[in-house]
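Engineer: I am sharing start01.tsv, which consists of TSV, C-alpha atoms (C1' of nucleotides):
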```tsv
chain	number	residue	atom	x	y	z
I	1	MET	CA	28.19	14.68	-21.10
I	2	ASP	CA	29.36	11.71	-23.14
I	3	ILE	CA	29.52	8.18	-21.87
I	4	LYS	CA	33.00	6.68	-21.72
I	5	PRO	CA	33.60	3.51	-23.73
I	6	LEU	CA	34.06	0.19	-21.99
I	7	TYR	CA	37.87	0.16	-22.13
I	8	MET	CA	38.03	3.52	-20.36
I	9	LEU	CA	35.87	2.21	-17.54
I	10	GLU	CA	38.02	-0.91	-17.30
I	11	LYS	CA	41.14	1.21	-17.13
I	12	SER	CA	39.70	3.25	-14.30
I	13	LEU	CA	38.82	0.10	-12.38
I	14	GLN	CA	42.25	-1.44	-13.00
I	15	SER	CA	43.97	1.70	-11.75
I	16	ARG	CA	42.17	1.08	-8.46
I	17	GLY	CA	43.66	-2.44	-8.22
I	18	HIS	CA	40.64	-4.24	-9.64
I	19	ARG	CA	40.87	-7.18	-12.05
I	20	MET	CA	38.73	-7.63	-15.10
I	21	THR	CA	36.51	-10.65	-14.67
I	22	LYS	CA	33.80	-11.67	-17.09
I	23	VAL	CA	31.14	-10.81	-14.52
I	24	ARG	CA	32.52	-7.32	-14.09
I	25	THR	CA	32.82	-6.75	-17.83
I	26	SER	CA	29.28	-7.98	-18.32
I	27	ILE	CA	27.90	-5.65	-15.63
I	28	LEU	CA	29.67	-2.67	-17.17
I	29	GLY	CA	28.23	-3.65	-20.54
I	30	GLN	CA	24.76	-3.78	-19.05
I	31	PHE	CA	25.05	-0.27	-17.69
I	32	LEU	CA	26.42	1.01	-21.02
I	33	SER	CA	23.52	-0.44	-22.96
I	34	ALA	CA	20.78	0.04	-20.37
I	35	LYS	CA	18.53	2.99	-20.98
I	36	ILE	CA	17.04	2.86	-17.50
I	37	PRO	CA	18.27	2.34	-13.91
I	38	LEU	CA	19.04	-1.25	-12.92
I	39	SER	CA	18.55	-3.03	-9.60
I	40	ALA	CA	20.79	-5.75	-8.21
I	41	SER	CA	18.25	-8.36	-9.20
I	42	ASP	CA	17.87	-6.92	-12.73
I	43	ILE	CA	21.58	-7.41	-13.12
I	44	GLN	CA	21.55	-10.89	-11.62
I	45	MET	CA	18.81	-11.92	-14.06
I	46	LYS	CA	20.64	-10.52	-17.07
I	47	LEU	CA	23.84	-12.26	-16.03
I	48	SER	CA	21.98	-15.52	-15.70
I	49	GLN	CA	20.53	-15.03	-19.21
I	50	ASP	CA	24.13	-14.62	-20.38
I	51	GLY	CA	25.01	-17.96	-18.84
I	52	PHE	CA	26.66	-16.87	-15.56
I	53	SER	CA	24.80	-17.81	-12.44
I	54	THR	CA	26.23	-15.35	-9.94
I	55	ASN	CA	25.69	-15.18	-6.22
I	56	LYS	CA	23.90	-12.06	-5.02
I	57	THR	CA	26.80	-11.23	-2.72
I	58	THR	CA	29.02	-10.92	-5.76
I	59	ILE	CA	26.52	-8.65	-7.48
I	60	TYR	CA	26.36	-6.33	-4.51
I	61	ARG	CA	30.12	-6.30	-4.17
I	62	GLU	CA	30.54	-5.53	-7.87
I	63	LEU	CA	28.06	-2.69	-7.66
I	64	SER	CA	29.91	-1.31	-4.69
I	65	ALA	CA	33.28	-1.49	-6.46
I	66	ILE	CA	31.96	0.10	-9.65
I	67	ARG	CA	30.27	2.77	-7.61
I	68	ASN	CA	33.40	3.52	-5.59
I	69	ALA	CA	35.19	4.04	-8.90
I	70	GLY	CA	32.57	6.71	-9.70
I	71	ILE	CA	31.19	4.85	-12.71
I	72	ILE	CA	27.66	4.36	-11.44
I	73	LYS	CA	25.54	6.04	-8.79
I	74	LYS	CA	22.84	4.73	-6.51
I	75	ILE	CA	19.31	6.06	-6.82
I	76	MET	CA	16.06	5.13	-5.07
I	77	PHE	CA	12.44	5.61	-6.12
I	78	GLY	CA	10.13	5.46	-3.16
I	79	ASP	CA	10.38	1.72	-2.66
I	80	ARG	CA	12.95	-0.24	-0.71
I	81	ASN	CA	14.99	-1.25	-3.78
I	82	GLU	CA	18.30	0.33	-4.62
I	83	ARG	CA	18.85	1.05	-8.28
I	84	TYR	CA	21.93	2.16	-10.14
I	85	GLU	CA	22.64	4.13	-13.28
I	86	LEU	CA	25.73	5.49	-15.05
I	87	ALA	CA	27.05	8.48	-13.12
I	88	GLU	CA	28.37	10.23	-16.20
I	89	ASP	CA	25.15	10.14	-18.11
I	90	ASP	CA	23.43	13.39	-18.96
I	91	HIS	CA	21.61	14.72	-15.95
I	92	HIS	CA	18.00	13.72	-16.18
I	93	HIS	CA	14.98	12.88	-14.06
I	94	HIS	CA	12.63	9.93	-13.95
I	95	LEU	CA	9.05	8.98	-14.61
I	96	VAL	CA	8.10	6.12	-12.28
I	97	CYS	CA	4.95	4.14	-13.10
I	98	VAL	CA	3.17	3.41	-9.83
I	99	SER	CA	1.37	0.50	-11.48
I	100	CYS	CA	3.96	-1.55	-13.42
I	101	LYS	CA	7.02	0.10	-11.75
I	102	LYS	CA	8.59	0.82	-15.13
I	103	ILE	CA	11.04	3.74	-15.14
I	104	GLU	CA	11.63	6.19	-17.98
I	105	ASN	CA	14.40	8.75	-18.13
I	106	ILE	CA	13.41	12.30	-18.95
I	107	PRO	CA	15.79	15.21	-19.63
I	108	LEU	CA	14.50	18.59	-18.42
I	109	MET	CA	17.13	21.05	-19.54
I	110	LYS	CA	15.28	24.25	-18.82
I	111	LEU	CA	14.00	23.12	-15.46
I	112	GLU	CA	17.51	22.06	-14.59
I	113	LYS	CA	18.68	25.65	-14.84
I	114	ARG	CA	15.91	26.71	-12.45
I	115	LEU	CA	16.90	23.98	-10.01
I	116	ASP	CA	20.50	25.16	-10.07
I	117	ASP	CA	19.34	28.69	-9.25
I	118	GLU	CA	17.19	27.29	-6.48
I	119	GLU	CA	20.16	25.44	-5.00
I	120	PHE	CA	22.07	28.70	-4.85
I	121	LEU	CA	19.20	30.38	-3.00
I	122	ILE	CA	18.89	27.45	-0.62
I	123	SER	CA	22.55	27.65	0.30
I	124	LYS	CA	22.11	31.33	1.16
I	125	LYS	CA	18.74	31.22	2.88
I	126	ASN	CA	18.86	27.86	4.61
I	127	HIS	CA	22.62	27.59	5.20
I	128	PHE	CA	22.40	24.19	3.55
I	129	LYS	CA	25.13	23.14	1.11
I	130	VAL	CA	23.33	21.24	-1.66
I	131	MET	CA	25.38	18.46	-3.26
I	132	HIS	CA	22.72	17.02	-5.55
I	133	HIS	CA	18.98	16.78	-5.97
I	134	SER	CA	16.48	14.20	-7.05
I	135	LEU	CA	13.27	14.90	-8.93
I	136	GLU	CA	10.88	12.11	-9.80
I	137	PHE	CA	7.40	12.13	-11.25
I	138	PHE	CA	5.09	9.32	-10.15
I	139	GLY	CA	2.04	8.32	-12.15
I	140	TYR	CA	0.75	6.00	-14.86
I	141	CYS	CA	2.71	5.09	-17.97
I	142	HIS	CA	1.09	4.97	-21.40
I	143	THR	CA	0.35	1.26	-21.13
I	144	CYS	CA	-1.02	1.26	-17.59
I	145	GLN	CA	-3.37	4.19	-18.30
I	146	LYS	CA	-5.37	1.89	-20.55
I	147	LEU	CA	-5.80	-0.91	-18.02
V	1	MET	CA	-3.76	24.58	3.00
V	2	ASP	CA	-4.60	24.58	6.69
V	3	ILE	CA	-4.08	21.63	8.98
V	4	LYS	CA	-7.23	20.15	10.46
V	5	PRO	CA	-7.46	20.12	14.27
V	6	LEU	CA	-7.20	16.87	16.17
V	7	TYR	CA	-10.95	16.37	16.67
V	8	MET	CA	-11.53	16.58	12.92
V	9	LEU	CA	-8.94	13.89	12.29
V	10	GLU	CA	-10.48	11.71	14.99
V	11	LYS	CA	-13.90	12.17	13.44
V	12	SER	CA	-12.62	11.09	10.05
V	13	LEU	CA	-11.05	7.97	11.57
V	14	GLN	CA	-14.20	7.15	13.54
V	15	SER	CA	-16.30	7.46	10.40
V	16	ARG	CA	-14.17	4.66	8.98
V	17	GLY	CA	-15.01	2.39	11.93
V	18	HIS	CA	-11.88	3.13	13.93
V	19	ARG	CA	-11.86	3.59	17.68
V	20	MET	CA	-9.92	6.27	19.50
V	21	THR	CA	-7.17	4.70	21.59
V	22	LYS	CA	-4.54	6.63	23.48
V	23	VAL	CA	-1.86	5.34	21.13
V	24	ARG	CA	-3.77	6.58	18.09
V	25	THR	CA	-4.46	9.97	19.64
V	26	SER	CA	-0.82	10.30	20.61
V	27	ILE	CA	0.35	9.47	17.08
V	28	LEU	CA	-2.01	12.01	15.58
V	29	GLY	CA	-0.71	14.58	18.06
V	30	GLN	CA	2.85	13.82	17.03
V	31	PHE	CA	2.08	14.46	13.38
V	32	LEU	CA	0.27	17.67	14.22
V	33	SER	CA	3.19	19.03	16.19
V	34	ALA	CA	6.03	17.55	14.13
V	35	LYS	CA	7.67	19.96	11.75
V	36	ILE	CA	9.45	17.18	9.86
V	37	PRO	CA	8.64	13.71	8.51
V	38	LEU	CA	8.57	10.89	11.07
V	39	SER	CA	9.64	7.27	10.73
V	40	ALA	CA	8.00	4.32	12.50
V	41	SER	CA	10.84	4.20	14.97
V	42	ASP	CA	10.69	7.98	15.59
V	43	ILE	CA	7.08	7.45	16.59
V	44	GLN	CA	7.81	4.39	18.69
V	45	MET	CA	10.47	6.35	20.58
V	46	LYS	CA	8.20	9.31	21.22
V	47	LEU	CA	5.44	7.00	22.43
V	48	SER	CA	7.84	5.34	24.80
V	49	GLN	CA	8.87	8.78	26.14
V	50	ASP	CA	5.17	9.39	26.76
V	51	GLY	CA	5.03	6.23	28.83
V	52	PHE	CA	3.47	3.77	26.34
V	53	SER	CA	5.72	0.95	25.24
V	54	THR	CA	4.10	-0.07	22.00
V	55	ASN	CA	4.93	-3.02	19.79
V	56	LYS	CA	6.27	-2.13	16.37
V	57	THR	CA	3.47	-4.10	14.71
V	58	THR	CA	1.00	-1.73	16.30
V	59	ILE	CA	2.92	1.29	15.09
V	60	TYR	CA	2.94	0.02	11.52
V	61	ARG	CA	-0.75	-0.83	11.68
V	62	GLU	CA	-1.58	2.61	13.07
V	63	LEU	CA	0.40	4.30	10.34
V	64	SER	CA	-1.40	2.21	7.78
V	65	ALA	CA	-4.85	3.07	9.20
V	66	ILE	CA	-4.07	6.77	9.44
V	67	ARG	CA	-2.68	6.71	5.93
V	68	ASN	CA	-5.72	4.92	4.53
V	69	ALA	CA	-7.82	7.68	6.04
V	70	GLY	CA	-5.79	10.15	3.97
V	71	ILE	CA	-4.36	11.92	7.02
V	72	ILE	CA	-0.71	11.17	6.39
V	73	LYS	CA	1.32	10.14	3.36
V	74	LYS	CA	4.39	7.99	2.99
V	75	ILE	CA	7.61	9.49	1.69
V	76	MET	CA	11.11	8.08	1.24
V	77	PHE	CA	14.48	9.79	1.06
V	78	GLY	CA	17.06	7.61	-0.59
V	79	ASP	CA	17.46	5.20	2.31
V	80	ARG	CA	15.43	2.14	3.16
V	81	ASN	CA	13.32	3.85	5.82
V	82	GLU	CA	9.74	4.85	5.24
V	83	ARG	CA	8.77	8.21	6.66
V	84	TYR	CA	5.40	9.87	7.02
V	85	GLU	CA	4.10	13.41	7.09
V	86	LEU	CA	0.71	15.10	7.18
V	87	ALA	CA	-0.94	14.81	3.78
V	88	GLU	CA	-2.80	18.09	4.10
V	89	ASP	CA	0.21	20.18	4.88
V	90	ASP	CA	1.26	22.85	2.40
V	91	HIS	CA	3.10	21.29	-0.51
V	92	HIS	CA	6.79	21.54	0.12
V	93	HIS	CA	10.08	19.83	-0.59
V	94	HIS	CA	12.89	18.59	1.62
V	95	LEU	CA	16.50	19.25	2.44
V	96	VAL	CA	18.11	15.97	3.52
V	97	CYS	CA	21.46	16.14	5.34
V	98	VAL	CA	23.61	13.29	4.04
V	99	SER	CA	25.71	13.47	7.20
V	100	CYS	CA	23.33	13.63	10.18
V	101	LYS	CA	20.20	12.56	8.19
V	102	LYS	CA	18.26	15.55	9.53
V	103	ILE	CA	15.37	16.67	7.34
V	104	GLU	CA	14.13	20.22	6.82
V	105	ASN	CA	10.97	21.21	5.00
V	106	ILE	CA	11.28	23.89	2.35
V	107	PRO	CA	8.43	25.59	0.50
V	108	LEU	CA	9.25	26.51	-3.11
V	109	MET	CA	6.16	28.29	-4.34
V	110	LYS	CA	7.49	29.66	-7.61
V	111	LEU	CA	9.25	26.46	-8.56
V	112	GLU	CA	6.05	24.59	-7.80
V	113	LYS	CA	4.30	26.46	-10.59
V	114	ARG	CA	7.05	25.45	-12.98
V	115	LEU	CA	6.75	21.84	-11.91
V	116	ASP	CA	3.01	21.90	-12.55
V	117	ASP	CA	3.66	23.22	-16.06
V	118	GLU	CA	6.24	20.52	-16.55
V	119	GLU	CA	3.77	17.84	-15.52
V	120	PHE	CA	1.37	19.08	-18.17
V	121	LEU	CA	4.07	18.86	-20.83
V	122	ILE	CA	5.08	15.39	-19.67
V	123	SER	CA	1.54	14.13	-19.98
V	124	LYS	CA	1.44	15.38	-23.59
V	125	LYS	CA	4.93	14.43	-24.73
V	126	ASN	CA	5.50	11.23	-22.81
V	127	HIS	CA	1.93	9.98	-22.55
V	128	PHE	CA	2.56	9.65	-18.84
V	129	LYS	CA	-0.17	10.70	-16.41
V	130	VAL	CA	1.64	12.36	-13.49
V	131	MET	CA	-0.07	11.94	-10.11
V	132	HIS	CA	2.57	13.53	-7.91
V	133	HIS	CA	6.25	14.38	-7.84
V	134	SER	CA	9.03	14.38	-5.31
V	135	LEU	CA	11.89	16.83	-5.18
V	136	GLU	CA	14.62	16.53	-2.59
V	137	PHE	CA	17.91	18.29	-2.14
V	138	PHE	CA	20.73	16.31	-0.58
V	139	GLY	CA	23.70	17.97	1.05
V	140	TYR	CA	25.12	19.27	4.32
V	141	CYS	CA	23.06	21.10	6.92
V	142	HIS	CA	24.36	24.17	8.71
V	143	THR	CA	25.70	22.13	11.63
V	144	CYS	CA	27.37	19.39	9.60
V	145	GLN	CA	29.14	21.87	7.31
V	146	LYS	CA	31.26	22.92	10.29
V	147	LEU	CA	32.40	19.41	11.23
Y	1	DA	C1'	-23.65	-4.95	31.00
Y	2	DT	C1'	-22.80	-7.32	27.07
Y	3	DA	C1'	-21.78	-8.69	22.33
Y	4	DA	C1'	-19.41	-7.53	18.34
Y	5	DT	C1'	-15.40	-6.18	16.44
Y	6	DA	C1'	-11.30	-3.19	16.53
Y	7	DA	C1'	-6.74	-2.93	18.65
Y	8	DT	C1'	-2.80	-5.18	20.46
Y	9	DG	C1'	1.28	-8.23	21.38
Y	10	DC	C1'	4.01	-11.86	20.17
Y	11	DA	C1'	6.51	-14.92	17.35
Y	12	DA	C1'	7.50	-16.11	13.02
Y	13	DC	C1'	8.19	-14.62	8.49
Y	14	DT	C1'	9.79	-11.75	4.21
Y	15	DT	C1'	12.84	-8.99	1.53
Y	16	DA	C1'	16.94	-6.51	0.35
Y	17	DG	C1'	21.14	-6.06	1.49
Y	18	DT	C1'	25.63	-7.20	4.46
Y	19	DT	C1'	29.46	-9.85	6.68
Y	20	DG	C1'	32.94	-13.53	7.83
Y	21	DC	C1'	35.40	-16.98	6.14
Y	22	DA	C1'	37.18	-20.46	3.25
Y	23	DT	C1'	38.18	-21.31	-1.63
Y	24	DT	C1'	39.19	-19.98	-6.37
Y	25	DT	C1'	41.15	-17.07	-9.85
Y	26	DG	C1'	43.54	-13.03	-12.23
Y	27	DT	C1'	47.70	-10.56	-12.60
Y	28	DC	C1'	52.39	-9.25	-12.13
Y	29	DA	C1'	57.15	-10.27	-11.44
Y	30	DA	C1'	60.69	-13.46	-11.93
F	1	DT	C1'	55.57	-20.22	-17.86
F	2	DT	C1'	55.12	-20.40	-13.30
F	3	DG	C1'	54.28	-18.96	-8.56
F	4	DA	C1'	52.77	-15.97	-5.11
F	5	DC	C1'	49.80	-12.66	-3.57
F	6	DA	C1'	45.75	-10.12	-3.50
F	7	DA	C1'	41.27	-9.77	-5.56
F	8	DA	C1'	37.03	-12.18	-6.59
F	9	DT	C1'	33.67	-15.56	-5.40
F	10	DG	C1'	30.21	-18.61	-3.01
F	11	DC	C1'	28.03	-19.96	0.92
F	12	DA	C1'	25.78	-19.60	5.19
F	13	DA	C1'	24.55	-16.78	8.59
F	14	DC	C1'	23.21	-12.30	9.81
F	15	DT	C1'	20.78	-7.48	9.98
F	16	DA	C1'	17.10	-4.10	9.50
F	17	DA	C1'	12.65	-2.66	8.25
F	18	DG	C1'	8.49	-4.04	7.58
F	19	DT	C1'	4.51	-7.82	7.37
F	20	DT	C1'	1.37	-11.65	8.75
F	21	DG	C1'	-1.33	-15.12	11.55
F	22	DC	C1'	-3.32	-15.91	15.58
F	23	DA	C1'	-4.71	-15.59	20.22
F	24	DT	C1'	-5.89	-12.06	23.70
F	25	DT	C1'	-7.55	-7.52	25.30
F	26	DA	C1'	-10.19	-3.35	25.06
F	27	DT	C1'	-13.58	0.07	22.96
F	28	DT	C1'	-18.04	1.19	21.81
F	29	DA	C1'	-22.92	0.79	20.25
F	30	DT	C1'	-26.85	-1.09	22.05
```
Output the file's structure as C-alpha cells, nothing else.
Structural biologist:
Amino acid sequence: MDIKPLYMLEKSLQSRGHRMTKVRTSILGQFLSAKIPLSASDIQMKLSQDGFSTNKTTIYRELSAIRNAGIIKKIMFGDRNERYELAEDDHHHHLVCVSCKKIENIPLMKLEKRLDDEEFLISKKNHFKVMHHSLEFFGYCHTCQKL
Amino acid sequence: MDIKPLYMLEKSLQSRGHRMTKVRTSILGQFLSAKIPLSASDIQMKLSQDGFSTNKTTIYRELSAIRNAGIIKKIMFGDRNERYELAEDDHHHHLVCVSCKKIENIPLMKLEKRLDDEEFLISKKNHFKVMHHSLEFFGYCHTCQKL
DNA sequence: ATAATAATGCAACTTAGTTGCATTTGTCAA
DNA sequence: TTGACAAATGCAACTAAGTTGCATTATTAT
C-alpha cells in the first residue's frame, strides 16, 4: 500500500474540522519520513530541534487527532511507552533490541499469508473475531551483539 | 513442557535464599491454577479474597523475586499493564479482547515451527539475534461479539 | 532461643499520559 | 480586511502503574 502525500493527509484532517498549524504539519512530516515507530517524546525532541518548543499536552493531543483521522496507529512493544506509526504503511512486523531499544521494521510477506489463514481458523475454532495482530521479535541488534 | 509442582517451585526459591511466606505460597498457587496471564492487581485482589490484605509494594517485589527465579515471565498486551504467566508453560500465543480485555491462551503448534524458521532467517538477513517473539491477536471475544 | 537477614508496610517518588481551564490563533464569512 | 467562533495551545494539577528508602516484623539456620 502506498503512503499518501502530505497534502492528502492535510485534506483529510481539514475535512474533520482541523486547522493546519506548523506543529501539525511538522508531525505529519516526521511520520512520512520516519522509517520506524515514534514515541511522543521522540516527536517532542524532533520538534524542538526544528525550533518549536511544544508542550507535551499538545503532542499527545496532536497524536490523538491524527490517529482519530486514521493516519497513524498506536503500537506498543513490551514497555510502558506508546509508539505510533503510519497506519497506511505496508503491513510489517518489528525487531526490538532488548539492549538499546532500537526498532527495525521487517516485512514478512509469506508469513503474513499464514497469519491470515490462522485468523480464519481462530474465528471458527475460538469464536473470536480477530481485528488485527501484532508480531514482534525481541533480541539483540547487530551493534549490541558485539558489546 | 510440564508444569512443576508447587514444592519444586518452593525449592527453587529457597535455593536462592528466599523464605516461604504464606503470601508467596499463595501467589505461586495462583499462577499454577491460573489459565491466563495475571496482573499485579489481579493477584492483589485474589490475595485479598483469601484474607490477606497485602501492600502493592509487596506484590511487585514478590513478582520480581519469582521472576528472577525463572518461574514466571512478564508479558504486555498493548496497554500499560504488566502481566505475568508461568515461564515453563507450553509456548502459546494470546487472544486479547479489545472490548472486555479478557485474555485467552491459544497454542499454535504448526505456526510455531514457521516462526522458528523465520527467526533463523532474520538472524542471517538482518544480523539480529532473536531471543523470543510475541504474537497476539486482538479482536472481539465470543461474548463481546454479541453486544 | 537467638541472631542474621528476608519480608513487609508505608510514604514518597517516578514516569507516561490525561484533564480543566484560561489564553491564543487559524479560518471562514461578511 | 476584519471579526467572530471554534480549534489549538500552555500550564498546572491530576491519574495510574510501578519503584525506592527506610523502619519494623517475621522466618529460619544454628
Engineer: How many Å separate atom C1' of DA7 of chain Y from atom C1' of DA26 of chain F?
Structural biologist: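 According to the coordinates, atom C1' of DA7 of chain Y and atom C1' of DA26 of chain F are separated by 7.3 Å.
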Engineer: If we count only C-alpha atoms (C1' of nucleotides), what is near segment 129-139 of chain I at a cut-off of 6 Å, once residues fewer than 4 positions away on the same chain are taken out, given as a PDB file with C-alpha atoms, keeping the file's coordinate frame?
Structural biologist:
```pdb
ATOM      1  CA  HIS I  93      14.980  12.880 -14.060  1.00  0.00           C
ATOM      2  CA  HIS I  94      12.630   9.930 -13.950  1.00  0.00           C
ATOM      3  CA  LEU I  95       9.050   8.980 -14.610  1.00  0.00           C
ATOM      4  CA  VAL I  96       8.100   6.120 -12.280  1.00  0.00           C
ATOM      5  CA  CYS I  97       4.950   4.140 -13.100  1.00  0.00           C
ATOM      6  CA  VAL I  98       3.170   3.410  -9.830  1.00  0.00           C
ATOM      7  CA  SER I 123      22.550  27.650   0.300  1.00  0.00           C
TER       8      SER I 123
ATOM      9  CA  LYS V 129      -0.170  10.700 -16.410  1.00  0.00           C
ATOM     10  CA  VAL V 130       1.640  12.360 -13.490  1.00  0.00           C
ATOM     11  CA  MET V 131      -0.070  11.940 -10.110  1.00  0.00           C
ATOM     12  CA  HIS V 132       2.570  13.530  -7.910  1.00  0.00           C
ATOM     13  CA  HIS V 133       6.250  14.380  -7.840  1.00  0.00           C
ATOM     14  CA  SER V 134       9.030  14.380  -5.310  1.00  0.00           C
ATOM     15  CA  LEU V 135      11.890  16.830  -5.180  1.00  0.00           C
ATOM     16  CA  GLU V 136      14.620  16.530  -2.590  1.00  0.00           C
ATOM     17  CA  PHE V 137      17.910  18.290  -2.140  1.00  0.00           C
ATOM     18  CA  PHE V 138      20.730  16.310  -0.580  1.00  0.00           C
ATOM     19  CA  GLY V 139      23.700  17.970   1.050  1.00  0.00           C
ATOM     20  CA  TYR V 140      25.120  19.270   4.320  1.00  0.00           C
TER      21      TYR V 140
END
```
Engineer: Under the rule that all atoms listed in the file are counted, which of Y:DA1, Y:DC28, Y:DC10, Y:DA22 is the nearest residue to chain I?
Structural biologist: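 Going through Y:DA1, Y:DC28, Y:DC10, Y:DA22 one by one, the smallest distance to chain I is for Y:DC28.
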Engineer: Over all C-alpha pairs taken in sequence order, what does chain I look like after a least-squares fit onto chain V? Please give it as a short mmCIF file (atom, residue, chain, number, x, y, z; two decimals) with C-alpha atoms, keeping the file's coordinate frame.
Structural biologist:
```cif
data_model
loop_
_atom_site.label_atom_id
_atom_site.label_comp_id
_atom_site.auth_asym_id
_atom_site.auth_seq_id
_atom_site.Cartn_x
_atom_site.Cartn_y
_atom_site.Cartn_z
CA MET I 1 -3.78 24.53 2.93
CA ASP I 2 -4.61 24.52 6.63
CA ILE I 3 -4.07 21.61 8.93
CA LYS I 4 -7.23 20.14 10.44
CA PRO I 5 -7.47 20.10 14.23
CA LEU I 6 -7.22 16.85 16.13
CA TYR I 7 -10.97 16.33 16.59
CA MET I 8 -11.53 16.55 12.84
CA LEU I 9 -8.94 13.85 12.23
CA GLU I 10 -10.52 11.69 14.92
CA LYS I 11 -13.92 12.14 13.35
CA SER I 12 -12.60 11.05 9.99
CA LEU I 13 -11.04 7.95 11.52
CA GLN I 14 -14.21 7.12 13.47
CA SER I 15 -16.31 7.41 10.33
CA ARG I 16 -14.15 4.62 8.92
CA GLY I 17 -15.01 2.36 11.89
CA HIS I 18 -11.87 3.11 13.88
CA ARG I 19 -11.82 3.58 17.66
CA MET I 20 -9.91 6.26 19.46
CA THR I 21 -7.19 4.70 21.56
CA LYS I 22 -4.57 6.64 23.45
CA VAL I 23 -1.88 5.36 21.11
CA ARG I 24 -3.77 6.57 18.08
CA THR I 25 -4.49 9.96 19.62
CA SER I 26 -0.85 10.31 20.58
CA ILE I 27 0.35 9.48 17.06
CA LEU I 28 -2.01 12.03 15.55
CA GLY I 29 -0.73 14.59 18.03
CA GLN I 30 2.83 13.83 17.02
CA PHE I 31 2.08 14.45 13.37
CA LEU I 32 0.23 17.69 14.20
CA SER I 33 3.15 19.04 16.18
CA ALA I 34 5.99 17.56 14.14
CA LYS I 35 7.66 19.96 11.77
CA ILE I 36 9.45 17.20 9.88
CA PRO I 37 8.64 13.72 8.52
CA LEU I 38 8.56 10.91 11.08
CA SER I 39 9.63 7.27 10.75
CA ALA I 40 8.00 4.34 12.51
CA SER I 41 10.84 4.23 14.99
CA ASP I 42 10.67 8.01 15.63
CA ILE I 43 7.07 7.48 16.60
CA GLN I 44 7.81 4.43 18.72
CA MET I 45 10.46 6.39 20.63
CA LYS I 46 8.17 9.35 21.23
CA LEU I 47 5.40 7.06 22.44
CA SER I 48 7.80 5.40 24.83
CA GLN I 49 8.84 8.84 26.16
CA ASP I 50 5.13 9.45 26.78
CA GLY I 51 4.95 6.29 28.84
CA PHE I 52 3.44 3.82 26.33
CA SER I 53 5.69 1.02 25.28
CA THR I 54 4.10 -0.05 22.01
CA ASN I 55 4.93 -3.00 19.83
CA LYS I 56 6.27 -2.11 16.40
CA THR I 57 3.49 -4.08 14.75
CA THR I 58 0.99 -1.72 16.32
CA ILE I 59 2.92 1.30 15.09
CA TYR I 60 2.95 0.03 11.54
CA ARG I 61 -0.72 -0.85 11.69
CA GLU I 62 -1.58 2.59 13.06
CA LEU I 63 0.40 4.28 10.33
CA SER I 64 -1.39 2.20 7.76
CA ALA I 65 -4.82 3.05 9.17
CA ILE I 66 -4.07 6.76 9.42
CA ARG I 67 -2.67 6.70 5.92
CA ASN I 68 -5.69 4.88 4.51
CA ALA I 69 -7.83 7.65 6.01
CA GLY I 70 -5.77 10.12 3.95
CA ILE I 71 -4.36 11.91 6.99
CA ILE I 72 -0.70 11.16 6.39
CA LYS I 73 1.33 10.15 3.36
CA LYS I 74 4.40 7.99 2.99
CA ILE I 75 7.62 9.51 1.70
CA MET I 76 11.12 8.08 1.24
CA PHE I 77 14.50 9.80 1.06
CA GLY I 78 17.05 7.61 -0.61
CA ASP I 79 17.47 5.22 2.28
CA ARG I 80 15.44 2.15 3.13
CA ASN I 81 13.34 3.88 5.81
CA GLU I 82 9.75 4.86 5.25
CA ARG I 83 8.77 8.22 6.65
CA TYR I 84 5.40 9.86 7.00
CA GLU I 85 4.10 13.41 7.09
CA LEU I 86 0.69 15.10 7.19
CA ALA I 87 -0.94 14.80 3.77
CA GLU I 88 -2.79 18.08 4.07
CA ASP I 89 0.22 20.17 4.86
CA ASP I 90 1.30 22.84 2.42
CA HIS I 91 3.13 21.29 -0.48
CA HIS I 92 6.82 21.55 0.15
CA HIS I 93 10.11 19.82 -0.57
CA HIS I 94 12.92 18.58 1.63
CA LEU I 95 16.53 19.23 2.44
CA VAL I 96 18.14 15.95 3.51
CA CYS I 97 21.49 16.12 5.32
CA VAL I 98 23.65 13.28 4.01
CA SER I 99 25.76 13.46 7.17
CA CYS I 100 23.38 13.61 10.17
CA LYS I 101 20.25 12.57 8.18
CA LYS I 102 18.29 15.53 9.53
CA ILE I 103 15.40 16.65 7.32
CA GLU I 104 14.17 20.20 6.83
CA ASN I 105 11.01 21.20 5.02
CA ILE I 106 11.32 23.89 2.39
CA PRO I 107 8.44 25.58 0.53
CA LEU I 108 9.25 26.51 -3.08
CA MET I 109 6.16 28.30 -4.30
CA LYS I 110 7.51 29.65 -7.55
CA LEU I 111 9.25 26.45 -8.51
CA GLU I 112 6.06 24.60 -7.76
CA LYS I 113 4.29 26.47 -10.53
CA ARG I 114 7.04 25.46 -12.96
CA LEU I 115 6.74 21.84 -11.87
CA ASP I 116 3.00 21.92 -12.49
CA ASP I 117 3.62 23.24 -16.01
CA GLU I 118 6.21 20.53 -16.51
CA GLU I 119 3.73 17.85 -15.47
CA PHE I 120 1.32 19.10 -18.11
CA LEU I 121 4.03 18.88 -20.78
CA ILE I 122 5.02 15.41 -19.62
CA SER I 123 1.48 14.15 -19.93
CA LYS I 124 1.37 15.40 -23.52
CA LYS I 125 4.85 14.44 -24.67
CA ASN I 126 5.44 11.23 -22.76
CA HIS I 127 1.84 9.99 -22.49
CA PHE I 128 2.48 9.66 -18.77
CA LYS I 129 -0.24 10.72 -16.33
CA VAL I 130 1.60 12.36 -13.42
CA MET I 131 -0.09 11.94 -10.04
CA HIS I 132 2.56 13.55 -7.86
CA HIS I 133 6.24 14.39 -7.79
CA SER I 134 9.03 14.37 -5.28
CA LEU I 135 11.90 16.83 -5.16
CA GLU I 136 14.64 16.50 -2.58
CA PHE I 137 17.92 18.30 -2.15
CA PHE I 138 20.76 16.29 -0.60
CA GLY I 139 23.74 17.95 1.02
CA TYR I 140 25.16 19.24 4.30
CA CYS I 141 23.11 21.07 6.91
CA HIS I 142 24.43 24.15 8.69
CA THR I 143 25.79 22.13 11.59
CA CYS I 144 27.45 19.38 9.57
CA GLN I 145 29.21 21.87 7.27
CA LYS I 146 31.36 22.89 10.21
CA LEU I 147 32.46 19.39 11.17
#
```
Engineer: Based on all atoms listed in the file, which of the residues in chain V come within 12 Å of chain Y? I want them as a VMD selection string.
Structural biologist: chain V and resid 14 16 to 24 53 to 62 65 79 to 80
Engineer: For the atom pair atom CA of Leu86 of chain V and atom CA of Asn105 of chain V, what is the interatomic distance in Å to one decimal place?
Structural biologist: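 Separation between atom CA of Leu86 of chain V and atom CA of Asn105 of chain V: 12.1 Å.
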